[in-house]
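*Asks:* Contents of start18.tsv (TSV, N, CA and C atoms):
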chain	number	residue	atom	x	y	z
A	884	MET	N	-158.77	151.63	58.29
A	884	MET	CA	-158.88	152.55	57.19
A	884	MET	C	-159.34	153.93	57.70
A	885	ILE	N	-160.35	153.95	58.55
A	885	ILE	CA	-160.82	155.22	59.10
A	885	ILE	C	-159.75	155.83	60.00
A	886	VAL	N	-159.10	154.97	60.77
A	886	VAL	CA	-158.06	155.46	61.67
A	886	VAL	C	-156.92	156.07	60.86
A	887	ASP	N	-156.56	155.45	59.73
A	887	ASP	CA	-155.52	156.00	58.87
A	887	ASP	C	-155.93	157.37	58.31
A	888	TYR	N	-157.20	157.49	57.93
A	888	TYR	CA	-157.71	158.77	57.42
A	888	TYR	C	-157.59	159.85	58.49
A	889	ILE	N	-157.99	159.53	59.70
A	889	ILE	CA	-157.90	160.50	60.80
A	889	ILE	C	-156.45	160.86	61.05
A	890	GLU	N	-155.58	159.86	61.05
A	890	GLU	CA	-154.16	160.09	61.29
A	890	GLU	C	-153.59	161.06	60.26
A	891	LYS	N	-153.99	160.89	59.01
A	891	LYS	CA	-153.47	161.71	57.93
A	891	LYS	C	-153.98	163.16	58.00
A	892	ASN	N	-155.17	163.37	58.52
A	892	ASN	CA	-155.79	164.70	58.50
A	892	ASN	C	-155.90	165.39	59.85
A	893	LYS	N	-155.43	164.76	60.91
A	893	LYS	CA	-155.64	165.32	62.25
A	893	LYS	C	-154.91	166.64	62.48
A	894	ARG	N	-153.80	166.86	61.82
A	894	ARG	CA	-153.07	168.12	62.03
A	894	ARG	C	-153.83	169.32	61.47
A	895	VAL	N	-154.55	169.09	60.40
A	895	VAL	CA	-155.31	170.17	59.78
A	895	VAL	C	-156.62	170.43	60.50
A	896	TYR	N	-157.36	169.34	60.82
A	896	TYR	CA	-158.72	169.50	61.34
A	896	TYR	C	-158.89	169.13	62.80
A	897	GLY	N	-158.02	168.29	63.33
A	897	GLY	CA	-158.16	167.81	64.70
A	897	GLY	C	-158.97	166.52	64.74
A	898	VAL	N	-158.70	165.69	65.71
A	898	VAL	CA	-159.33	164.38	65.81
A	898	VAL	C	-160.83	164.50	66.11
A	899	GLU	N	-161.18	165.28	67.10
A	899	GLU	CA	-162.59	165.38	67.50
A	899	GLU	C	-163.49	165.90	66.38
A	900	PRO	N	-163.12	166.98	65.68
A	900	PRO	CA	-163.98	167.44	64.58
A	900	PRO	C	-164.12	166.41	63.45
A	901	ILE	N	-163.04	165.70	63.14
A	901	ILE	CA	-163.12	164.67	62.09
A	901	ILE	C	-164.09	163.57	62.53
A	902	CYS	N	-163.97	163.12	63.78
A	902	CYS	CA	-164.86	162.07	64.29
A	902	CYS	C	-166.31	162.53	64.27
A	903	ARG	N	-166.53	163.79	64.62
A	903	ARG	CA	-167.91	164.32	64.64
A	903	ARG	C	-168.50	164.32	63.23
A	904	VAL	N	-167.74	164.79	62.23
A	904	VAL	CA	-168.24	164.83	60.86
A	904	VAL	C	-168.45	163.42	60.31
A	905	LEU	N	-167.52	162.51	60.58
A	905	LEU	CA	-167.70	161.13	60.12
A	905	LEU	C	-168.96	160.51	60.73
A	906	THR	N	-169.17	160.74	62.00
A	906	THR	CA	-170.36	160.20	62.68
A	906	THR	C	-171.64	160.79	62.09
A	907	GLU	N	-171.64	162.09	61.81
A	907	GLU	CA	-172.81	162.74	61.21
A	907	GLU	C	-173.14	162.18	59.83
A	908	HIS	N	-172.12	161.65	59.15
A	908	HIS	CA	-172.32	161.14	57.80
A	908	HIS	C	-172.38	159.61	57.75
A	909	GLY	N	-172.74	159.00	58.86
A	909	GLY	CA	-173.01	157.57	58.88
A	909	GLY	C	-171.82	156.66	59.11
A	910	CYS	N	-170.72	157.22	59.53
A	910	CYS	CA	-169.53	156.40	59.80
A	910	CYS	C	-169.10	156.67	61.25
A	911	PRO	N	-169.83	156.10	62.20
A	911	PRO	CA	-169.60	156.46	63.60
A	911	PRO	C	-168.26	155.99	64.14
A	912	ILE	N	-167.53	156.93	64.69
A	912	ILE	CA	-166.28	156.62	65.39
A	912	ILE	C	-166.08	157.68	66.48
A	913	ALA	N	-165.77	157.21	67.66
A	913	ALA	CA	-165.52	158.12	68.78
A	913	ALA	C	-164.03	158.42	68.83
A	914	PRO	N	-163.67	159.62	69.29
A	914	PRO	CA	-162.25	159.93	69.43
A	914	PRO	C	-161.51	158.90	70.28
A	915	SER	N	-162.16	158.38	71.31
A	915	SER	CA	-161.50	157.38	72.16
A	915	SER	C	-161.18	156.11	71.37
A	916	THR	N	-162.05	155.77	70.42
A	916	THR	CA	-161.80	154.60	69.57
A	916	THR	C	-160.56	154.82	68.73
A	917	TYR	N	-160.42	156.02	68.19
A	917	TYR	CA	-159.23	156.36	67.39
A	917	TYR	C	-157.96	156.23	68.25
A	918	TYR	N	-157.99	156.83	69.44
A	918	TYR	CA	-156.79	156.80	70.29
A	918	TYR	C	-156.44	155.38	70.72
A	919	GLU	N	-157.43	154.56	71.02
A	919	GLU	CA	-157.17	153.16	71.39
A	919	GLU	C	-156.56	152.39	70.21
A	920	ALA	N	-157.08	152.63	69.02
A	920	ALA	CA	-156.58	151.93	67.83
A	920	ALA	C	-155.13	152.30	67.55
A	921	ARG	N	-154.74	153.53	67.83
A	921	ARG	CA	-153.36	153.96	67.59
A	921	ARG	C	-152.40	153.29	68.58
A	922	LYS	N	-152.89	152.94	69.76
A	922	LYS	CA	-152.03	152.31	70.77
A	922	LYS	C	-151.78	150.84	70.51
A	923	ARG	N	-152.72	150.19	69.80
A	923	ARG	CA	-152.64	148.75	69.60
A	923	ARG	C	-151.40	148.34	68.81
A	924	VAL	N	-150.83	147.24	69.21
A	924	VAL	CA	-149.71	146.65	68.48
A	924	VAL	C	-150.28	145.88	67.28
A	925	ALA	N	-149.59	145.95	66.16
A	925	ALA	CA	-150.06	145.25	64.97
A	925	ALA	C	-150.09	143.74	65.23
A	926	SER	N	-151.11	143.07	64.70
A	926	SER	CA	-151.22	141.63	64.87
A	926	SER	C	-150.16	140.92	64.03
A	927	LYS	N	-149.93	139.64	64.34
A	927	LYS	CA	-148.97	138.86	63.56
A	927	LYS	C	-149.38	138.81	62.10
A	928	ARG	N	-150.68	138.70	61.86
A	928	ARG	CA	-151.19	138.65	60.49
A	928	ARG	C	-150.91	139.96	59.75
A	929	ALA	N	-151.13	141.08	60.43
A	929	ALA	CA	-150.89	142.38	59.79
A	929	ALA	C	-149.41	142.56	59.46
A	930	VAL	N	-148.54	142.13	60.36
A	930	VAL	CA	-147.10	142.24	60.12
A	930	VAL	C	-146.70	141.35	58.94
A	931	ARG	N	-147.20	140.13	58.92
A	931	ARG	CA	-146.90	139.21	57.81
A	931	ARG	C	-147.42	139.78	56.48
A	932	ASP	N	-148.63	140.31	56.48
A	932	ASP	CA	-149.19	140.90	55.27
A	932	ASP	C	-148.32	142.06	54.77
A	933	MET	N	-147.81	142.87	55.68
A	933	MET	CA	-146.95	143.98	55.30
A	933	MET	C	-145.69	143.47	54.60
A	934	HIS	N	-145.09	142.42	55.15
A	934	HIS	CA	-143.88	141.85	54.55
A	934	HIS	C	-144.19	141.22	53.19
A	935	LEU	N	-145.32	140.54	53.09
A	935	LEU	CA	-145.69	139.93	51.81
A	935	LEU	C	-145.96	140.98	50.74
A	936	LYS	N	-146.61	142.07	51.11
A	936	LYS	CA	-146.85	143.15	50.14
A	936	LYS	C	-145.54	143.70	49.61
A	937	ALA	N	-144.58	143.89	50.49
A	937	ALA	CA	-143.27	144.40	50.07
A	937	ALA	C	-142.59	143.41	49.14
A	938	GLU	N	-142.67	142.13	49.46
A	938	GLU	CA	-142.05	141.10	48.63
A	938	GLU	C	-142.72	141.01	47.26
A	939	ILE	N	-144.04	141.06	47.23
A	939	ILE	CA	-144.77	141.02	45.97
A	939	ILE	C	-144.40	142.23	45.11
A	940	SER	N	-144.32	143.39	45.72
A	940	SER	CA	-143.94	144.60	44.97
A	940	SER	C	-142.54	144.47	44.41
A	941	ARG	N	-141.62	143.89	45.19
A	941	ARG	CA	-140.24	143.71	44.73
A	941	ARG	C	-140.18	142.78	43.53
A	942	VAL	N	-140.87	141.63	43.63
A	942	VAL	CA	-140.87	140.66	42.54
A	942	VAL	C	-141.49	141.27	41.28
A	943	HIS	N	-142.56	142.00	41.46
A	943	HIS	CA	-143.23	142.65	40.33
A	943	HIS	C	-142.30	143.66	39.66
A	944	ALA	N	-141.62	144.47	40.45
A	944	ALA	CA	-140.70	145.48	39.91
A	944	ALA	C	-139.49	144.82	39.25
A	945	ASP	N	-138.98	143.74	39.83
A	945	ASP	CA	-137.82	143.05	39.26
A	945	ASP	C	-138.12	142.46	37.89
A	946	ASN	N	-139.38	142.20	37.62
A	946	ASN	CA	-139.76	141.63	36.33
A	946	ASN	C	-140.38	142.71	35.43
A	947	TYR	N	-139.90	143.94	35.57
A	947	TYR	CA	-140.34	145.05	34.73
A	947	TYR	C	-141.85	145.27	34.81
A	948	SER	N	-142.42	145.00	35.95
A	948	SER	CA	-143.86	145.18	36.21
A	948	SER	C	-144.74	144.41	35.24
A	949	ALA	N	-144.24	143.27	34.77
A	949	ALA	CA	-144.99	142.50	33.78
A	949	ALA	C	-145.37	141.10	34.26
A	950	CYS	N	-145.12	140.78	35.52
A	950	CYS	CA	-145.45	139.45	36.04
A	950	CYS	C	-146.95	139.22	36.09
A	951	GLN	N	-147.34	138.00	35.78
A	951	GLN	CA	-148.71	137.60	36.04
A	951	GLN	C	-148.70	136.91	37.39
A	952	TRP	N	-149.86	136.62	37.92
A	952	TRP	CA	-149.94	136.13	39.30
A	952	TRP	C	-149.24	134.79	39.48
A	953	ARG	N	-149.28	133.92	38.48
A	953	ARG	CA	-148.61	132.61	38.64
A	953	ARG	C	-147.10	132.78	38.70
A	954	THR	N	-146.56	133.65	37.88
A	954	THR	CA	-145.13	133.90	37.88
A	954	THR	C	-144.72	134.52	39.21
A	955	SER	N	-145.47	135.50	39.68
A	955	SER	CA	-145.16	136.15	40.94
A	955	SER	C	-145.22	135.17	42.10
A	956	ALA	N	-146.24	134.32	42.13
A	956	ALA	CA	-146.39	133.34	43.19
A	956	ALA	C	-145.23	132.36	43.21
A	957	ALA	N	-144.78	131.95	42.03
A	957	ALA	CA	-143.65	131.02	41.94
A	957	ALA	C	-142.36	131.63	42.45
A	958	ARG	N	-142.19	132.92	42.24
A	958	ARG	CA	-140.94	133.59	42.65
A	958	ARG	C	-140.92	133.97	44.12
A	959	ILE	N	-142.08	133.99	44.74
A	959	ILE	CA	-142.13	134.34	46.16
A	959	ILE	C	-141.96	133.07	46.93
Please, can you express the file's structure as structure tokens?
*Replies:*
Amino acid sequence: MIVDYIEKNKRVYGVEPICRVLTEHGCPIAPSTYYEARKRVASKRAVRDMHLKAEISRVHADNYSACQWRTSAARI
């Protein structure tokens, strides 16, 4: 989540200044931690979760955004 925030705002503020401000406000992260996190390959669980989120969104939209969880679970 923090890495995503940095990724989204790094062009405006830069990685190091964002990390410094986050650390000053109780959310410590070093620039090296950010760079290492960006290099990592997504885990199998993260990839599966991404696919499931897309499928759940599709089922929900196909049912006019009115599915309850039991209906959605049955269709997936």
*Asks:* Just to confirm, what's the straight-line distance from CA of Glu938 in chain A to CA of Lys891 in chain A in Å (one decimal)?
*Replies:* 25.3 Å
*Asks:* Give the answer as one residue: which of A:His934, A:Lys893, A:Val886, A:Pro900 has the shortest atom-to-atom distance to Ala920 in chain A, using all atoms listed in the file?
*Replies:*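 Smallest separation from Ala920 in chain A among the options: A:Val886.
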*Asks:* To test your reading of the structure, identify every residue in chain A that backbone DSSP assigns to alpha helix (DSSP H), and report it as a PyMOL selection string.
*Replies:* chain A and resi 885-896+898-907+914-922+927-945+952-958
*Asks:* So which residues touch Pro914 in chain A within 8 Å, counting only N, CA and C atoms, skipping near sequence neighbours fewer than 5 positions away, as a ChimeraX atom specification?
*Replies:* /A:898-899,901-903,919-920
*Asks:* So how many Å separate CA of Ala913 in chain A and CA of Gly897 in chain A, to one decimal?
*Replies:*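 Those two atoms sit 12.8 Å apart.
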*Asks:* Could you write out as lines of an AutoDock Vina configuration file the box around range 903-906 of chain A (axis-aligned, all atoms listed in the file, 5 Å on each side), with centre and edge lengths in Å to one decimal?
*Replies:*
center_x = -169.1
center_y = 162.5
center_z = 62.4
size_x = 15.1
size_y = 14.6
size_z = 14.5
*Asks:* In Å, how far is it from CA of Arg941 in chain A to CA of Val924 in chain A?
*Replies:* 25.7 Å
*Asks:* Can you put all heavy atoms back into range 939-950 of chain A and show it as a PDB file, in the frame of the given file?
*Replies:*
ATOM      1  N   ILE A 939    -144.040 141.060  47.230  1.00  0.00           N
ATOM      2  CA  ILE A 939    -144.770 141.020  45.970  1.00  0.00           C
ATOM      3  C   ILE A 939    -144.400 142.230  45.110  1.00  0.00           C
ATOM      4  O   ILE A 939    -144.167 142.097  43.904  1.00  0.00           O
ATOM      5  CB  ILE A 939    -146.288 140.957  46.217  1.00  0.00           C
ATOM      6  CG1 ILE A 939    -146.645 139.590  46.805  1.00  0.00           C
ATOM      7  CG2 ILE A 939    -147.077 141.221  44.938  1.00  0.00           C
ATOM      8  CD1 ILE A 939    -148.045 139.520  47.386  1.00  0.00           C
ATOM      9  N   SER A 940    -144.320 143.390  45.720  1.00  0.00           N
ATOM     10  CA  SER A 940    -143.940 144.600  44.970  1.00  0.00           C
ATOM     11  C   SER A 940    -142.540 144.470  44.410  1.00  0.00           C
ATOM     12  O   SER A 940    -142.271 144.878  43.277  1.00  0.00           O
ATOM     13  CB  SER A 940    -144.027 145.827  45.870  1.00  0.00           C
ATOM     14  OG  SER A 940    -145.351 146.061  46.252  1.00  0.00           O
ATOM     15  N   ARG A 941    -141.620 143.890  45.190  1.00  0.00           N
ATOM     16  CA  ARG A 941    -140.240 143.710  44.730  1.00  0.00           C
ATOM     17  C   ARG A 941    -140.180 142.780  43.530  1.00  0.00           C
ATOM     18  O   ARG A 941    -139.546 143.077  42.518  1.00  0.00           O
ATOM     19  CB  ARG A 941    -139.358 143.178  45.850  1.00  0.00           C
ATOM     20  CG  ARG A 941    -137.876 143.063  45.455  1.00  0.00           C
ATOM     21  CD  ARG A 941    -137.091 142.229  46.450  1.00  0.00           C
ATOM     22  NE  ARG A 941    -137.540 140.846  46.526  1.00  0.00           N
ATOM     23  CZ  ARG A 941    -137.271 139.908  45.600  1.00  0.00           C
ATOM     24  NH1 ARG A 941    -136.600 140.214  44.511  1.00  0.00           N
ATOM     25  NH2 ARG A 941    -137.699 138.682  45.773  1.00  0.00           N
ATOM     26  N   VAL A 942    -140.870 141.630  43.630  1.00  0.00           N
ATOM     27  CA  VAL A 942    -140.870 140.660  42.540  1.00  0.00           C
ATOM     28  C   VAL A 942    -141.490 141.270  41.280  1.00  0.00           C
ATOM     29  O   VAL A 942    -140.965 141.120  40.183  1.00  0.00           O
ATOM     30  CB  VAL A 942    -141.633 139.373  42.947  1.00  0.00           C
ATOM     31  CG1 VAL A 942    -141.912 138.480  41.760  1.00  0.00           C
ATOM     32  CG2 VAL A 942    -140.843 138.621  44.009  1.00  0.00           C
ATOM     33  N   HIS A 943    -142.560 142.000  41.460  1.00  0.00           N
ATOM     34  CA  HIS A 943    -143.230 142.650  40.330  1.00  0.00           C
ATOM     35  C   HIS A 943    -142.300 143.660  39.660  1.00  0.00           C
ATOM     36  O   HIS A 943    -142.161 143.691  38.438  1.00  0.00           O
ATOM     37  CB  HIS A 943    -144.510 143.312  40.812  1.00  0.00           C
ATOM     38  CG  HIS A 943    -145.355 143.875  39.726  1.00  0.00           C
ATOM     39  ND1 HIS A 943    -145.990 143.109  38.789  1.00  0.00           N
ATOM     40  CD2 HIS A 943    -145.666 145.156  39.427  1.00  0.00           C
ATOM     41  CE1 HIS A 943    -146.660 143.872  37.964  1.00  0.00           C
ATOM     42  NE2 HIS A 943    -146.477 145.132  38.334  1.00  0.00           N
ATOM     43  N   ALA A 944    -141.620 144.470  40.450  1.00  0.00           N
ATOM     44  CA  ALA A 944    -140.700 145.480  39.910  1.00  0.00           C
ATOM     45  C   ALA A 944    -139.490 144.820  39.250  1.00  0.00           C
ATOM     46  O   ALA A 944    -139.023 145.291  38.203  1.00  0.00           O
ATOM     47  CB  ALA A 944    -140.263 146.429  41.012  1.00  0.00           C
ATOM     48  N   ASP A 945    -138.980 143.740  39.830  1.00  0.00           N
ATOM     49  CA  ASP A 945    -137.820 143.050  39.260  1.00  0.00           C
ATOM     50  C   ASP A 945    -138.120 142.460  37.890  1.00  0.00           C
ATOM     51  O   ASP A 945    -137.218 142.233  37.098  1.00  0.00           O
ATOM     52  CB  ASP A 945    -137.348 141.926  40.191  1.00  0.00           C
ATOM     53  CG  ASP A 945    -136.648 142.464  41.427  1.00  0.00           C
ATOM     54  OD1 ASP A 945    -136.393 143.687  41.491  1.00  0.00           O
ATOM     55  OD2 ASP A 945    -136.368 141.658  42.333  1.00  0.00           O
ATOM     56  N   ASN A 946    -139.380 142.200  37.620  1.00  0.00           N
ATOM     57  CA  ASN A 946    -139.760 141.630  36.330  1.00  0.00           C
ATOM     58  C   ASN A 946    -140.380 142.710  35.430  1.00  0.00           C
ATOM     59  O   ASN A 946    -141.272 142.425  34.634  1.00  0.00           O
ATOM     60  CB  ASN A 946    -140.737 140.468  36.522  1.00  0.00           C
ATOM     61  CG  ASN A 946    -140.831 139.612  35.280  1.00  0.00           C
ATOM     62  OD1 ASN A 946    -139.832 139.362  34.628  1.00  0.00           O
ATOM     63  ND2 ASN A 946    -142.030 139.188  34.942  1.00  0.00           N
ATOM     64  N   TYR A 947    -139.900 143.940  35.570  1.00  0.00           N
ATOM     65  CA  TYR A 947    -140.340 145.050  34.730  1.00  0.00           C
ATOM     66  C   TYR A 947    -141.850 145.270  34.810  1.00  0.00           C
ATOM     67  O   TYR A 947    -142.484 145.656  33.827  1.00  0.00           O
ATOM     68  CB  TYR A 947    -139.906 144.841  33.283  1.00  0.00           C
ATOM     69  CG  TYR A 947    -138.440 144.546  33.155  1.00  0.00           C
ATOM     70  CD1 TYR A 947    -137.991 143.255  32.906  1.00  0.00           C
ATOM     71  CD2 TYR A 947    -137.511 145.556  33.333  1.00  0.00           C
ATOM     72  CE1 TYR A 947    -136.637 142.979  32.815  1.00  0.00           C
ATOM     73  CE2 TYR A 947    -136.154 145.282  33.250  1.00  0.00           C
ATOM     74  CZ  TYR A 947    -135.723 144.000  32.994  1.00  0.00           C
ATOM     75  OH  TYR A 947    -134.376 143.726  32.909  1.00  0.00           O
ATOM     76  N   SER A 948    -142.420 145.000  35.950  1.00  0.00           N
ATOM     77  CA  SER A 948    -143.860 145.180  36.210  1.00  0.00           C
ATOM     78  C   SER A 948    -144.740 144.410  35.240  1.00  0.00           C
ATOM     79  O   SER A 948    -145.838 144.839  34.897  1.00  0.00           O
ATOM     80  CB  SER A 948    -144.212 146.680  36.162  1.00  0.00           C
ATOM     81  OG  SER A 948    -143.459 147.377  37.119  1.00  0.00           O
ATOM     82  N   ALA A 949    -144.240 143.270  34.770  1.00  0.00           N
ATOM     83  CA  ALA A 949    -144.990 142.500  33.780  1.00  0.00           C
ATOM     84  C   ALA A 949    -145.370 141.100  34.260  1.00  0.00           C
ATOM     85  O   ALA A 949    -145.869 140.309  33.488  1.00  0.00           O
ATOM     86  CB  ALA A 949    -144.156 142.381  32.515  1.00  0.00           C
ATOM     87  N   CYS A 950    -145.120 140.780  35.520  1.00  0.00           N
ATOM     88  CA  CYS A 950    -145.450 139.450  36.040  1.00  0.00           C
ATOM     89  C   CYS A 950    -146.950 139.220  36.090  1.00  0.00           C
ATOM     90  O   CYS A 950    -147.715 140.110  36.441  1.00  0.00           O
ATOM     91  CB  CYS A 950    -144.926 139.268  37.466  1.00  0.00           C
ATOM     92  SG  CYS A 950    -143.184 138.994  37.572  1.00  0.00           S
TER      93      CYS A 950
END
